[in-house]
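The file start.cif comes next; it holds mmCIF, C-alpha atoms and all ligand atoms.
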data_my_file
loop_
_atom_site.label_atom_id
_atom_site.label_comp_id
_atom_site.auth_asym_id
_atom_site.auth_seq_id
_atom_site.Cartn_x
_atom_site.Cartn_y
_atom_site.Cartn_z
CA MET A 5 -38.10 62.02 -130.00
CA ALA A 6 -35.30 60.05 -131.66
CA ILE A 7 -34.15 56.60 -130.58
CA HIS A 8 -30.47 56.19 -129.83
CA SER A 9 -29.63 52.54 -129.17
CA LYS A 10 -30.77 49.23 -130.59
CA GLU A 11 -31.80 48.13 -127.13
CA GLU A 12 -34.04 51.15 -126.72
CA LEU A 13 -35.35 50.55 -130.21
CA ARG A 14 -36.28 46.92 -129.60
CA SER A 15 -38.08 47.64 -126.39
CA PHE A 16 -39.97 50.60 -127.89
CA VAL A 17 -41.03 48.55 -130.91
CA ARG A 18 -42.18 45.68 -128.69
CA GLU A 19 -44.16 48.08 -126.50
CA THR A 20 -45.72 49.89 -129.47
CA VAL A 21 -46.70 46.67 -131.22
CA ARG A 22 -48.24 45.39 -128.00
CA SER A 23 -50.26 48.50 -127.34
CA THR A 24 -51.41 49.56 -130.82
CA PRO A 25 -55.13 48.87 -131.34
CA ILE A 26 -55.86 46.49 -134.18
CA SER A 27 -58.37 46.42 -137.02
CA ASP A 28 -58.77 42.70 -137.67
CA ILE A 29 -59.74 42.62 -141.32
CA HIS A 30 -60.99 39.04 -141.70
CA THR A 31 -62.75 36.97 -139.04
CA HIS A 32 -65.74 34.66 -138.78
CA LEU A 33 -67.06 36.40 -135.68
CA PHE A 34 -70.54 37.86 -135.33
CA THR A 35 -72.22 40.46 -133.20
CA GLU A 36 -74.39 39.27 -130.36
CA ASP A 37 -77.48 40.10 -132.45
CA PHE A 38 -76.90 37.14 -134.75
CA ASP A 39 -78.55 34.74 -132.38
CA GLY A 40 -76.20 31.88 -131.54
CA LEU A 41 -73.78 32.57 -134.40
CA LEU A 42 -71.12 34.14 -132.21
CA LEU A 43 -69.07 31.27 -130.76
CA TRP A 44 -67.18 31.63 -127.50
CA GLY A 45 -66.01 29.59 -124.48
CA ILE A 46 -63.84 26.59 -123.83
CA ASP A 47 -65.97 23.97 -125.62
CA GLU A 48 -66.02 26.08 -128.79
CA LEU A 49 -62.29 26.66 -128.50
CA LEU A 50 -61.62 22.94 -128.20
CA THR A 51 -63.86 21.97 -131.08
CA TYR A 52 -62.28 24.51 -133.48
CA HIS A 53 -61.90 22.62 -136.75
CA TYR A 54 -58.10 22.98 -136.67
CA LEU A 55 -58.13 20.88 -133.46
CA VAL A 56 -60.69 18.39 -134.74
CA ALA A 57 -58.33 17.53 -137.61
CA GLU A 58 -55.47 17.04 -135.17
CA THR A 59 -57.56 14.85 -132.87
CA PHE A 60 -58.52 12.38 -135.60
CA ARG A 61 -54.84 11.74 -136.28
CA PHE A 62 -54.62 9.96 -132.92
CA HIS A 63 -57.80 7.91 -133.40
CA PRO A 64 -57.47 5.72 -136.48
CA ASP A 65 -60.46 3.64 -135.38
CA LEU A 66 -62.89 6.41 -134.49
CA ALA A 67 -65.64 6.60 -137.12
CA TYR A 68 -66.20 10.16 -138.33
CA GLU A 69 -69.96 9.81 -137.81
CA THR A 70 -69.40 8.75 -134.21
CA PHE A 71 -67.51 11.94 -133.52
CA TRP A 72 -70.07 14.13 -135.25
CA ALA A 73 -72.92 12.45 -133.34
CA MET A 74 -71.37 13.41 -130.01
CA SER A 75 -72.53 16.51 -128.14
CA LYS A 76 -70.24 19.54 -128.27
CA LYS A 77 -69.16 18.86 -124.70
CA GLU A 78 -68.29 15.25 -125.49
CA GLN A 79 -66.31 16.31 -128.55
CA ALA A 80 -64.46 18.89 -126.46
CA ASP A 81 -63.71 16.25 -123.81
CA LEU A 82 -62.21 13.98 -126.45
CA VAL A 83 -60.10 16.76 -127.97
CA TRP A 84 -58.86 17.79 -124.52
CA GLN A 85 -58.03 14.23 -123.48
CA THR A 86 -56.32 13.43 -126.78
CA LEU A 87 -54.38 16.57 -127.57
CA PHE A 88 -53.72 18.06 -124.14
CA ILE A 89 -53.56 15.13 -121.71
CA GLU A 90 -52.27 12.20 -123.74
CA HIS A 91 -49.86 14.29 -125.83
CA SER A 92 -48.10 17.63 -125.37
CA PRO A 93 -50.15 20.49 -126.82
CA TYR A 94 -47.47 22.41 -128.70
CA SER A 95 -49.12 22.53 -132.11
CA GLU A 96 -50.08 26.15 -132.83
CA ALA A 97 -53.82 25.53 -132.49
CA CYS A 98 -53.35 23.72 -129.15
CA ARG A 99 -50.94 26.30 -127.81
CA GLY A 100 -53.54 28.89 -128.72
CA VAL A 101 -56.08 27.42 -126.30
CA LEU A 102 -53.55 27.61 -123.50
CA THR A 103 -52.62 31.21 -124.34
CA VAL A 104 -56.32 32.09 -124.14
CA LEU A 105 -56.77 30.44 -120.74
CA ASN A 106 -53.64 32.09 -119.45
CA ARG A 107 -54.69 35.52 -120.70
CA LEU A 108 -58.02 35.09 -118.94
CA GLY A 109 -56.16 34.50 -115.69
CA LEU A 110 -57.03 30.81 -115.46
CA ASP A 111 -54.60 28.29 -114.03
CA VAL A 112 -53.23 26.47 -117.07
CA ALA A 113 -51.08 24.17 -114.90
CA SER A 114 -54.16 22.76 -113.18
CA ARG A 115 -55.40 21.12 -116.42
CA ASP A 116 -58.84 21.40 -114.84
CA LEU A 117 -61.29 21.49 -117.73
CA GLU A 118 -64.32 21.69 -115.43
CA ALA A 119 -62.89 24.76 -113.69
CA TYR A 120 -62.44 26.40 -117.10
CA ARG A 121 -66.02 25.54 -118.00
CA ALA A 122 -67.22 27.09 -114.77
CA PHE A 123 -65.38 30.34 -115.56
CA PHE A 124 -67.06 30.71 -118.94
CA ALA A 125 -70.46 29.73 -117.55
CA SER A 126 -70.21 32.68 -115.18
CA LYS A 127 -70.01 35.24 -118.03
CA SER A 128 -72.73 36.78 -120.13
CA THR A 129 -72.10 37.13 -123.87
CA SER A 130 -71.96 40.91 -123.86
CA GLU A 131 -69.68 41.11 -120.84
CA TYR A 132 -67.41 38.51 -122.46
CA ILE A 133 -67.26 40.41 -125.76
CA ASP A 134 -66.17 43.54 -123.87
CA LEU A 135 -63.56 41.57 -121.94
CA VAL A 136 -62.01 39.95 -125.02
CA PHE A 137 -61.86 43.21 -126.99
CA LYS A 138 -60.19 44.88 -124.02
CA LEU A 139 -57.67 42.14 -123.29
CA SER A 140 -56.75 41.51 -126.93
CA GLY A 141 -56.26 45.17 -127.84
CA VAL A 142 -58.39 44.58 -130.92
CA HIS A 143 -60.34 47.73 -131.71
CA ASN A 144 -62.62 46.39 -134.44
CA VAL A 145 -63.10 43.22 -136.47
CA CYS A 146 -64.54 42.47 -139.86
CA MET A 147 -67.12 39.67 -139.95
CA THR A 148 -67.74 37.31 -142.86
CA ASN A 149 -71.39 37.81 -143.83
CA ASP A 150 -72.78 35.19 -146.15
CA PRO A 151 -76.35 35.79 -147.35
CA PHE A 152 -76.46 32.21 -148.64
CA VAL A 153 -76.38 30.86 -145.06
CA ASP A 154 -80.01 30.77 -143.93
CA ALA A 155 -79.40 31.70 -140.29
CA GLU A 156 -77.35 34.72 -141.35
CA ARG A 157 -79.75 35.87 -144.03
CA GLU A 158 -82.67 35.58 -141.65
CA GLY A 159 -80.68 37.40 -138.96
CA TRP A 160 -80.43 40.49 -141.16
CA ALA A 161 -84.22 40.80 -141.23
CA THR A 162 -84.20 42.02 -137.62
CA ILE A 163 -80.87 43.83 -137.41
CA ASP A 164 -80.82 47.60 -137.76
CA ASN A 165 -77.69 48.82 -136.08
CA VAL A 166 -74.60 46.66 -136.11
CA ASP A 167 -72.32 46.90 -133.06
CA PRO A 168 -69.70 49.40 -134.34
CA ARG A 169 -66.85 47.12 -133.24
CA PHE A 170 -67.94 44.72 -135.98
CA HIS A 171 -67.67 45.62 -139.66
CA THR A 172 -69.25 43.58 -142.41
CA ALA A 173 -67.91 41.79 -145.49
CA LEU A 174 -70.24 40.40 -148.14
CA ARG A 175 -69.19 36.80 -148.78
CA ILE A 176 -70.28 35.42 -152.13
CA ASP A 177 -68.71 31.97 -152.65
CA PRO A 178 -71.91 30.24 -153.92
CA LEU A 179 -72.38 32.94 -156.53
CA LEU A 180 -69.03 32.14 -158.09
CA MET A 181 -68.48 28.50 -157.24
CA GLN A 182 -71.94 26.97 -157.73
CA TRP A 183 -73.88 29.24 -160.03
CA GLU A 184 -74.94 26.64 -162.59
CA GLU A 185 -75.39 23.82 -160.05
CA LYS A 186 -77.75 25.58 -157.69
CA THR A 187 -77.20 29.24 -156.90
CA TRP A 188 -79.20 30.55 -159.87
CA GLU A 189 -82.25 28.72 -158.54
CA ARG A 190 -81.85 30.25 -155.10
CA LEU A 191 -81.72 33.75 -156.57
CA GLN A 192 -84.82 32.93 -158.60
CA GLU A 193 -86.56 31.72 -155.41
CA TRP A 194 -85.70 35.05 -153.78
CA GLY A 195 -87.36 36.91 -156.63
CA TYR A 196 -84.44 37.84 -158.88
CA ASP A 197 -85.09 37.46 -162.58
CA VAL A 198 -82.13 35.21 -163.47
CA GLU A 199 -81.54 32.00 -165.43
CA GLN A 200 -78.88 29.33 -165.44
CA GLN A 201 -76.99 30.88 -168.36
CA VAL A 202 -75.18 34.11 -167.64
CA THR A 203 -77.31 36.15 -170.06
CA ASP A 204 -77.90 39.92 -169.93
CA LYS A 205 -80.98 39.25 -167.81
CA THR A 206 -78.96 37.13 -165.38
CA VAL A 207 -76.25 39.78 -165.15
CA GLU A 208 -78.85 42.40 -164.21
CA GLY A 209 -80.41 40.06 -161.65
CA ILE A 210 -77.09 39.26 -159.98
CA ARG A 211 -76.12 42.93 -159.92
CA GLU A 212 -79.42 43.72 -158.23
CA PHE A 213 -78.85 40.95 -155.66
CA LEU A 214 -75.41 42.40 -154.85
CA ARG A 215 -76.76 45.94 -154.61
CA VAL A 216 -79.52 44.89 -152.23
CA TRP A 217 -77.04 43.18 -149.90
CA ILE A 218 -74.48 45.96 -150.11
CA ARG A 219 -77.14 48.50 -149.17
CA LYS A 220 -78.28 46.31 -146.28
CA MET A 221 -74.86 45.39 -144.90
CA ASN A 222 -72.64 48.29 -145.93
CA PRO A 223 -69.68 45.88 -146.32
CA LEU A 224 -66.04 46.90 -146.36
CA TYR A 225 -65.47 44.50 -149.25
CA MET A 226 -66.93 41.58 -151.23
CA ALA A 227 -65.08 38.32 -150.61
CA VAL A 228 -64.66 34.86 -152.00
CA SER A 229 -62.44 31.86 -151.38
CA LEU A 230 -61.17 30.30 -154.60
CA PRO A 231 -59.46 27.04 -155.58
CA PRO A 232 -55.94 26.73 -157.01
CA SER A 233 -57.53 26.04 -160.40
CA PHE A 234 -58.99 29.57 -160.52
CA ARG A 235 -58.09 31.39 -163.74
CA TYR A 236 -59.01 34.82 -165.07
CA PRO A 237 -60.15 35.60 -167.65
CA GLU A 238 -61.93 32.28 -168.14
CA GLN A 239 -64.80 30.99 -170.27
CA SER A 240 -67.14 30.02 -167.45
CA ALA A 241 -70.07 31.27 -165.46
CA ARG A 242 -67.60 32.25 -162.74
CA GLY A 243 -65.47 34.30 -165.13
CA ALA A 244 -68.52 36.03 -166.58
CA ILE A 245 -70.01 36.81 -163.16
CA ILE A 246 -66.75 38.30 -161.94
CA GLU A 247 -66.35 40.44 -165.03
CA LYS A 248 -69.94 41.51 -165.55
CA CYS A 249 -71.38 41.58 -162.03
CA ILE A 250 -68.85 41.59 -159.19
CA LEU A 251 -66.35 44.07 -160.61
CA PRO A 252 -68.85 46.64 -161.94
CA VAL A 253 -70.83 46.61 -158.69
CA ALA A 254 -67.61 46.81 -156.65
CA ARG A 255 -66.71 49.91 -158.68
CA GLU A 256 -70.18 51.36 -158.26
CA PHE A 257 -69.88 51.18 -154.45
CA ASP A 258 -66.11 51.73 -154.38
CA ILE A 259 -65.36 48.59 -152.40
CA PRO A 260 -62.60 46.05 -153.06
CA PHE A 261 -63.05 42.50 -154.27
CA ALA A 262 -61.23 40.26 -151.77
CA MET A 263 -59.84 37.01 -153.11
CA MET A 264 -58.62 34.23 -150.86
CA ILE A 265 -56.99 31.85 -153.27
CA GLY A 266 -55.60 28.34 -152.89
CA VAL A 267 -58.10 26.15 -151.08
CA ASN A 268 -58.98 22.68 -152.31
CA LYS A 269 -62.35 22.23 -150.65
CA ARG A 270 -63.36 18.99 -148.97
CA VAL A 271 -60.44 16.74 -149.92
CA ASN A 272 -61.74 14.71 -146.97
CA PRO A 273 -65.45 15.59 -146.75
CA ALA A 274 -65.98 13.44 -143.64
CA LEU A 275 -63.96 15.99 -141.68
CA GLY A 276 -66.40 18.83 -142.44
CA ASP A 277 -64.76 22.26 -142.13
CA ALA A 278 -61.53 20.48 -141.20
CA GLY A 279 -61.50 18.63 -144.52
CA ASP A 280 -60.20 21.43 -146.78
CA SER A 281 -56.65 21.46 -148.10
CA VAL A 282 -54.16 23.64 -149.94
CA GLY A 283 -52.81 23.75 -153.49
CA LEU A 284 -50.47 25.87 -155.54
CA SER A 285 -52.26 28.70 -157.36
CA ASP A 286 -51.32 31.00 -160.21
CA VAL A 287 -50.33 34.52 -159.15
CA ARG A 288 -50.59 35.57 -162.80
CA VAL A 289 -54.37 35.44 -162.33
CA VAL A 290 -54.18 38.16 -159.70
CA GLU A 291 -51.93 40.24 -161.94
CA GLN A 292 -54.34 39.86 -164.87
CA LEU A 293 -57.29 40.98 -162.77
CA CYS A 294 -55.40 44.01 -161.51
CA ALA A 295 -54.14 44.89 -164.99
CA MET A 296 -57.46 44.41 -166.76
CA HIS A 297 -59.45 46.28 -164.12
CA PRO A 298 -57.30 49.21 -162.97
CA ASP A 299 -60.37 50.97 -161.57
CA ASN A 300 -61.14 48.10 -159.24
CA LYS A 301 -59.44 47.48 -155.91
CA PHE A 302 -58.36 43.95 -154.98
CA LEU A 303 -57.53 42.50 -151.60
CA CYS A 304 -55.71 39.21 -151.77
CA THR A 305 -54.32 36.48 -149.56
CA MET A 306 -53.09 33.13 -150.83
CA LEU A 307 -52.93 29.82 -149.03
CA ALA A 308 -49.84 28.14 -150.46
CA ARG A 309 -46.50 29.08 -148.96
CA GLU A 310 -45.01 28.86 -152.46
CA ASN A 311 -47.32 31.63 -153.71
CA GLN A 312 -46.27 34.23 -151.14
CA HIS A 313 -43.26 35.64 -152.94
CA GLY A 314 -45.10 35.99 -156.26
CA LEU A 315 -48.04 37.66 -154.54
CA ALA A 316 -45.82 40.21 -152.81
CA VAL A 317 -44.13 40.96 -156.14
CA ALA A 318 -47.55 41.37 -157.78
CA ALA A 319 -48.41 44.00 -155.16
CA ARG A 320 -45.29 45.95 -156.20
CA LYS A 321 -46.65 46.06 -159.76
CA PHE A 322 -50.24 46.97 -159.00
CA ARG A 323 -51.23 49.67 -156.55
CA ASN A 324 -54.83 48.48 -156.81
CA LEU A 325 -53.76 45.29 -154.99
CA HIS A 326 -53.47 45.06 -151.21
CA VAL A 327 -52.00 41.87 -149.72
CA PHE A 328 -53.14 40.69 -146.32
CA GLY A 329 -52.77 38.02 -143.68
CA CYS A 330 -51.12 34.67 -143.10
CA TRP A 331 -54.11 32.55 -143.92
CA TRP A 332 -55.17 29.31 -142.21
CA PHE A 333 -52.37 26.73 -142.62
CA LEU A 334 -49.90 29.61 -142.87
CA ASN A 335 -50.93 30.92 -139.48
CA ASN A 336 -48.01 29.22 -137.72
CA PRO A 337 -45.10 31.08 -136.12
CA SER A 338 -42.39 29.82 -138.51
CA LEU A 339 -44.41 30.77 -141.59
CA ILE A 340 -45.73 34.06 -140.21
CA GLU A 341 -42.15 35.09 -139.51
CA GLU A 342 -40.91 34.13 -142.96
CA MET A 343 -43.81 35.80 -144.76
CA THR A 344 -43.73 38.95 -142.66
CA ARG A 345 -40.00 39.38 -143.19
CA MET A 346 -40.34 38.96 -146.93
CA ARG A 347 -43.35 41.27 -147.19
CA PHE A 348 -41.68 44.00 -145.16
CA GLU A 349 -38.63 43.74 -147.42
CA LEU A 350 -40.71 43.95 -150.60
CA LEU A 351 -43.61 46.17 -149.56
CA GLY A 352 -42.47 48.23 -146.55
CA THR A 353 -45.53 49.26 -144.59
CA SER A 354 -47.99 49.02 -147.51
CA VAL A 355 -49.30 45.63 -146.44
CA THR A 356 -51.57 44.19 -143.75
CA PRO A 357 -49.36 41.45 -142.35
CA GLN A 358 -52.02 39.61 -140.40
CA HIS A 359 -55.70 38.92 -139.87
CA SER A 360 -56.99 36.48 -137.28
CA ASP A 361 -59.60 34.38 -139.11
CA CYS A 362 -61.09 33.78 -135.66
CA ARG A 363 -64.15 31.57 -135.54
CA VAL A 364 -64.33 31.70 -131.76
CA LEU A 365 -64.24 35.10 -130.06
CA ASP A 366 -61.67 34.02 -127.47
CA GLN A 367 -59.18 33.25 -130.25
CA LEU A 368 -58.62 37.00 -130.67
CA LEU A 369 -56.49 36.65 -127.55
CA TYR A 370 -54.07 34.08 -128.87
CA LYS A 371 -53.97 34.79 -132.56
CA TRP A 372 -53.03 38.40 -131.96
CA ASP A 373 -50.71 37.76 -129.01
CA HIS A 374 -48.73 35.26 -131.03
CA SER A 375 -48.61 37.40 -134.17
CA ARG A 376 -47.77 40.61 -132.32
CA ASP A 377 -44.62 38.98 -130.92
CA ILE A 378 -43.45 37.87 -134.34
CA ILE A 379 -44.28 41.13 -136.08
CA ALA A 380 -42.47 43.09 -133.35
CA ASN A 381 -39.31 41.01 -133.78
CA VAL A 382 -39.25 41.31 -137.54
CA LEU A 383 -39.96 45.02 -137.42
CA ALA A 384 -37.25 45.62 -134.82
CA ASP A 385 -34.73 43.78 -137.05
CA LYS A 386 -35.69 45.99 -139.98
CA TYR A 387 -35.33 49.17 -137.93
CA CYS A 388 -31.95 47.97 -136.59
CA ASP A 389 -30.77 47.64 -140.18
CA LEU A 390 -31.77 51.27 -140.66
CA LEU A 391 -29.86 52.40 -137.57
CA ASP A 392 -26.78 50.70 -139.03
CA THR A 393 -26.90 53.08 -142.00
CA GLY A 394 -26.91 56.11 -139.72
CA TRP A 395 -30.66 56.77 -140.17
CA LYS A 396 -32.39 58.10 -137.08
CA LEU A 397 -35.85 56.89 -136.11
CA LYS A 398 -38.39 58.96 -134.25
CA LYS A 399 -40.83 57.35 -131.85
CA LYS A 400 -43.78 58.91 -133.60
CA GLU A 401 -42.61 57.37 -136.89
CA ILE A 402 -42.56 53.93 -135.33
CA ARG A 403 -46.05 54.50 -133.94
CA ARG A 404 -47.22 55.60 -137.40
CA ASP A 405 -45.74 52.49 -139.06
CA VAL A 406 -47.24 50.07 -136.55
CA SER A 407 -50.62 51.66 -136.84
CA ASP A 408 -50.38 51.27 -140.63
CA LEU A 409 -49.55 47.59 -140.27
CA PHE A 410 -52.44 46.98 -137.88
CA GLY A 411 -55.14 48.47 -140.06
CA GLY A 412 -54.05 51.93 -141.19
CA ALA A 413 -52.77 50.75 -144.57
CA PHE A 414 -55.96 48.76 -145.08
CA TRP A 415 -58.27 51.68 -144.31
CA ARG A 416 -56.23 53.96 -146.55
CA PHE A 417 -56.52 51.41 -149.34
CA LEU A 418 -60.28 51.37 -148.85
CA GLY A 419 -60.32 55.18 -148.92
CA LYS A 420 -62.13 55.25 -145.57
CA PRO A 421 -61.16 56.86 -142.28
CA ASN A 422 -59.37 54.56 -139.85
CA PRO A 423 -61.80 54.15 -136.91
CA VAL A 424 -58.86 53.65 -134.57
CA GLU A 425 -57.58 57.14 -135.34
CA ALA A 426 -61.03 58.59 -134.83
CA VAL A 427 -60.87 57.34 -131.23
CA ALA A 428 -57.25 58.45 -130.73
CA ASN A 429 -58.08 61.99 -131.89
CA VAL A 430 -61.04 62.50 -129.56
O1 LIG A 501 -59.47 29.42 -141.57
C1 LIG A 501 -60.60 28.93 -141.58
O2 LIG A 501 -61.27 28.87 -140.56
C2 LIG A 501 -61.14 28.36 -142.85
O3 LIG A 501 -62.03 27.37 -142.54
C3 LIG A 501 -61.92 29.28 -143.74
O4 LIG A 501 -62.99 29.81 -143.06
C4 LIG A 501 -61.28 30.40 -144.42
O5 LIG A 501 -60.63 31.25 -143.56
C5 LIG A 501 -62.29 31.15 -145.24
O6 LIG A 501 -62.62 32.28 -144.90
O7 LIG A 501 -62.76 30.58 -146.22
ZN ZN A 502 -61.74 32.83 -143.10
#
In structure tokens, what does this structure look like?
Amino acid sequence: MAIHSKEELRSFVRETVRSTPISDIHTHLFTEDFDGLLLWGIDELLTYHYLVAETFRFHPDLAYETFWAMSKKEQADLVWQTLFIEHSPYSEACRGVLTVLNRLGLDVASRDLEAYRAFFASKSTSEYIDLVFKLSGVHNVCMTNDPFVDAEREGWATIDNVDPRFHTALRIDPLLMQWEEKTWERLQEWGYDVEQQVTDKTVEGIREFLRVWIRKMNPLYMAVSLPPSFRYPEQSARGAIIEKCILPVAREFDIPFAMMIGVNKRVNPALGDAGDSVGLSDVRVVEQLCAMHPDNKFLCTMLARENQHGLAVAARKFRNLHVFGCWWFLNNPSLIEEMTRMRFELLGTSVTPQHSDCRVLDQLLYKWDHSRDIIANVLADKYCDLLDTGWKLKKKEIRRDVSDLFGGAFWRFLGKPNPVEAVANV
């Protein structure tokens, strides 16, 4: 059925964007089986590291250690008092908490933190997971699975079947960022025949390590977060491991290598996870990787606003590159809008405009609500431009496009069936 007016178009796009199930391709969520690793509830929401950073800005005299020594509930109380009661909570991370409460049917106007706590205390984890997936319209999420984190690695020893709503991604930062400092010794401890130098023996050992974890996890991709100083090719352990281990094994299993580039880690270590910052990276590096390894697939998101245009252009040059998400400090309405507009103009529907990066399950509710609104507006503008040329749009074409943007393009890039369609076709 064709659409006739811009008004009809806008409301159909809004409705379609709101109701299309999402594949969230990068989160830090876990299934219930990873004992205690899945975070949810108001105290976790309030102590999200984005909010911790904002809280310290209002407390010049609060020692970092004092904050970290507090219980989670005490930290949450301080964040609430500081950012919600003593100041208006319109920063994106604060607004997000209120969107979550509102979407759960809680009375945001009451400002009654204890009532919110009581609501969450009345839920079981599994019932809450079901509720959040249902309310958010998220169909499936991809976890970040890091075998170098003890609790995660140990968790895998007892896990057979992963909840199908949760996909896996093998995260390998220590392999690339700390090989010579310590990671080689950890692999040795775990029985891999490696040494500090990236020799032939080491290459075989690392490949074996990757194969073991890929077989165990069945990840959608292998991922790493990289600093602005990342270069490729480079004369370093990192460069050699990428070239000789990561890329060949990625080809062997036909999975992409996902690069998240642009983070300057721990510029203020006392802030913990909140202490990382952003720097300008070199998009040429991404182009080199894609050009030198045409048989590999690369997923990429970059952290600096200034890198977004170059990255979108790179994706026009290399079909083995798929750009995704408005990462971390870019996950703010003004920047999401700007980036989404530009990406749609340069890449059409061959992009995944957003991922949530949720660390707390409940955040699926706000991150996607906020992004859906922006994506719908931008998309409607683009379709209106088409109507102006005399082009006619069919409803089913709009549905197709939106489903591509919310995971379809990603799954096609992977060469795997889109699980959302599998459900729709039943
Ligand atoms: O956005 C975040 O929560 C960051 O702390 C990082 O986890 C980042 O997204 C990453 O995956 O490294
Ligand atoms: Zn992340």
Next on the checklist: Considering only C-alpha atoms and all ligand atoms, can you say which of A:Ala173, A:Leu224, A:Leu41, A:Leu284 comes closest to ligand ZN 502 (chain A)?
Outcome noted: A:Ala173
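One finds atom CA of A:Phe410 at 25.8 Å from atom CA of A:Gly45.
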Next on the checklist: What does the list of residues within 12 Å of ligand ZN 502 (chain A) look like if you count all atoms listed in the file, written as number ranges by chain?
Outcome noted: A: 28-33, 146-150, 173, 175, 177, 227-230, 262-265, 267, 277, 305-307, 329-333, 335, 359-364
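Relative to atom CA of A:Met226, atom CA of A:Pro260 is found at 6.5 Å.
Ranking A:Leu369, A:Leu42, A:Leu397, A:Leu251 by their shortest atom-to-atom distance to A:Ala155, with all atoms listed in the file included, puts A:Leu42 first.
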